[in-house]
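Undergrad: Sharing a structure with you now.
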Amino acid sequence: MSIYKSLCEIGERIIANKDFLTELDREIGDADHGVNMARGFQAVLEKITPDEKDIGAVLKKAGMTLLSKVGGASGPLYGTAYMEAGKILAGKEDLTPEDLKAALEAAIAGIQKRGKAVRGEKTMLDALIPAYETYCENINSGMINALDLACKSAHEGLEYTKTIIATKGRASYLGERSIGHQDPGAASMTLTLEAILDALKQEN
Amino acid sequence: MVGIVIVSHSWKIAEGVCDLAREMSNGNSGIIPAGGLDDGSIGTDSMKIAEAIKNADQGEGVVIIADIGSAIMSAETAIELLEDEGSSIHAEIADAPIVEGAVCAAVEAAGGGNLDSVLTSAEESKDASKL
């Protein structure tokens, strides 16, 4: 898989959904998620080139850029996720289904460490963890098929965030009033997974 | 002397708090701001904080005093970035209000306090009553 193509797809999708993500964040947070993520990925798109093949090194570079340019909590959260995935994939130029599993696992661990969050707290983990589990259950059916199903689980997880109370971040100030709204981080995470799937499909 | 890093979403706040803390501590020069993003936007930048920690360190460790929200997460990330680089700088985040904490920490550091006492001075400032 081309890491350049995947990151381009993620970046373009985040930037195209800037207003949508910001609107979700206006409802339960501080209305900056879309703006922050778009600024971060604009910088990532400017830094990566198609000739860089080491997936781990590119992910590390993307992660460090997000740490610097996003500005809000999603900076250290996504930045750590990309850097931890990059550590697992250091030196790799192609991905096996098992590599992608390990990278998703490292990203989850990184986000949990950074955000001190667990599943069910209305965060990006509520999209990512179900997606990871579905991917693992279907890994033998091939990377694209497993990721396709994983994206559906991410979507279900995103919908589930509407039904629960936020206990992390700014949205936690709202308590029960956070119910009925999608979590912006879960939304950007779902977009991320769908972008990786699309990049993979385009290659095959 | 123990170094101090001031992390804020706003570079104006970070610079201003540093100015005030220096003034209140006889010109303590080991106080370094890490505020905002490079383009002037509101936000916190782990890479900038990591650089500030390096600049603040004089061998006796660094106390970080941060404002709200993602500032703490970005400071924690900065400490880990330095560890990953193999840095031996001992940096601690104070659970303290940014202005009062910075002034108390700066005075204690200028008086020769060690990392623990500077950290404690910053953290005790949150219990100080104003009226």
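Labels used: A, B, ... for chains in the order of the structure tokens, numbers from 1 for residues in each chain, and numbers from 1 for ligands as shown.
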Residues of chain A within 12 Å of chain B, using only C-alpha atoms, as an MDAnalysis selection string?
TA: chainID A and resid 29:30 32:33 35:37 39:40 43 60 63:81 83:84 87 110:116 168:172
Undergrad: Let me see the file: selected residues, C-alpha atoms, as a tab-separated table (two decimals), in the first residue's frame.
TA:
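The result, stored in again.tsv:
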chain	number	residue	atom	x	y	z
A	29	GLY	CA	-17.23	21.40	22.44
A	30	ASP	CA	-15.32	24.51	21.47
A	32	ASP	CA	-12.41	24.05	16.60
A	33	HIS	CA	-12.03	20.37	15.69
A	35	VAL	CA	-10.37	23.95	11.72
A	36	ASN	CA	-7.60	22.38	13.80
A	37	MET	CA	-7.55	19.05	11.97
A	39	ARG	CA	-4.72	22.99	9.52
A	40	GLY	CA	-2.79	19.94	10.72
A	43	ALA	CA	0.73	20.85	6.85
A	60	LYS	CA	6.34	9.51	12.25
A	63	GLY	CA	2.56	12.48	13.62
A	64	MET	CA	5.15	15.11	14.51
A	65	THR	CA	3.50	17.55	12.12
A	66	LEU	CA	0.12	16.98	13.74
A	67	LEU	CA	1.66	17.52	17.20
A	68	SER	CA	2.88	20.90	16.03
A	69	LYS	CA	0.11	22.19	13.80
A	70	VAL	CA	-3.26	20.97	15.09
A	71	GLY	CA	-3.25	23.00	18.31
A	72	GLY	CA	-6.10	21.38	20.24
A	73	ALA	CA	-6.31	18.07	22.08
A	74	SER	CA	-6.68	16.19	18.81
A	75	GLY	CA	-3.06	17.21	18.04
A	76	PRO	CA	-1.41	15.13	20.75
A	77	LEU	CA	-4.05	12.39	20.37
A	78	TYR	CA	-3.76	11.88	16.61
A	79	GLY	CA	-0.06	12.80	16.69
A	80	THR	CA	0.63	10.07	19.23
A	81	ALA	CA	-1.53	7.58	17.30
A	83	MET	CA	3.78	8.10	15.80
A	84	GLU	CA	3.01	4.88	17.68
A	87	LYS	CA	7.14	2.85	15.42
A	110	GLY	CA	-1.21	5.54	22.03
A	111	ILE	CA	-4.56	7.33	22.18
A	112	GLN	CA	-5.50	5.56	25.42
A	113	LYS	CA	-2.18	6.49	27.01
A	114	ARG	CA	-2.39	10.12	25.90
A	115	GLY	CA	-6.08	10.71	26.60
A	116	LYS	CA	-6.37	8.41	29.61
A	168	LYS	CA	-13.69	13.40	28.57
A	169	GLY	CA	-12.71	16.79	27.20
A	170	ARG	CA	-14.80	19.94	26.89
A	171	ALA	CA	-17.96	17.96	26.05
A	172	SER	CA	-17.91	16.48	29.56
Undergrad: Give me the residues within 8 Å of Asn26 in chain B as a ChimeraX atom specification, counting only C-alpha atoms and dropping any in the same chain fewer than 3 places off.
TA: /B:22-23,110
Undergrad: Give me every strand (DSSP E) residue in chain B, going by DSSP on the backbone, as a list in words.
TA: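 Listing strand (DSSP E) positions across chain B yields Gly3, Ile4, Val5, Ile6, Val7, Ser8, Ile31, Ile32, Pro33, Ala34, Gly35, Val62, Val63, Ile64, Ile65, Ala66, Ala91, Glu92 and Ile93 of chain B.
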Undergrad: Go ahead and save the picked residues with C-alpha atoms, as a compact mmCIF listing (two decimals), in the first residue's frame.
TA:
# COMPACT_ATOMS: atom_id res chain seq x y z
CA GLY B 3 14.23 25.86 34.68
CA ILE B 4 10.61 26.83 34.14
CA VAL B 5 8.48 26.51 30.99
CA ILE B 6 5.21 28.37 30.61
CA VAL B 7 2.74 26.65 28.26
CA SER B 8 -0.31 28.52 27.05
CA ILE B 31 11.80 31.01 32.41
CA ILE B 32 10.93 30.10 28.83
CA PRO B 33 7.58 30.64 27.08
CA ALA B 34 5.95 28.03 24.80
CA GLY B 35 2.70 29.62 23.70
CA VAL B 62 12.45 21.83 34.54
CA VAL B 63 9.02 22.61 35.96
CA ILE B 64 6.25 23.10 33.39
CA ILE B 65 3.27 25.29 34.19
CA ALA B 66 0.42 25.08 31.70
CA ALA B 91 10.78 17.68 33.53
CA GLU B 92 7.67 17.75 35.73
CA ILE B 93 4.27 19.32 35.10
Undergrad: Residues within 9 Å of Lys126 in chain B, please, as a ChimeraX atom specification. Count only C-alpha atoms; anything in the same chain fewer than 3 positions from it doesn't count.
TA: /B:95-97,100-101,122-123,129
Undergrad: May I have the residues from that selection written out with C-alpha atoms, as a PDB file, in the first residue's frame?
TA:
ATOM      1  CA  ASP B  95      -0.726  21.115  38.983  1.00  0.00           C
ATOM      2  CA  ALA B  96      -0.920  24.868  39.400  1.00  0.00           C
ATOM      3  CA  PRO B  97      -2.642  28.020  38.119  1.00  0.00           C
ATOM      4  CA  GLU B 100       0.359  32.383  40.471  1.00  0.00           C
ATOM      5  CA  GLY B 101       2.196  29.115  39.872  1.00  0.00           C
ATOM      6  CA  ALA B 122       3.984  26.223  42.161  1.00  0.00           C
ATOM      7  CA  GLU B 123       1.399  23.719  43.355  1.00  0.00           C
ATOM      8  CA  SER B 129      -6.577  32.936  49.151  1.00  0.00           C
TER       9      SER B 129
END
Undergrad: As a list of chain:residue names, please: the residues near Gln58 in chain B (cut-off 10 Å, only C-alpha atoms, same-chain neighbours under 6 positions excluded).
TA: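 What passes the distance filter is B:Met1, B:Val2, B:Gly3, B:Gly30, B:Ile89.
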Undergrad: Would you return as a PyMOL selection string the members of range 12-186 of chain A that DSSP assigns to alpha helix (DSSP H) on this structure's backbone?
TA: chain A and resi 12-16+18-28+33-47+55-69+74-88+97-115+125-137+143-160+184-186
Undergrad: Please indicate the distance in Å from CA of Asp126 in chain A to CA of Thr190 in chain A, rounded to one decimal place.
TA: 9.8 Å
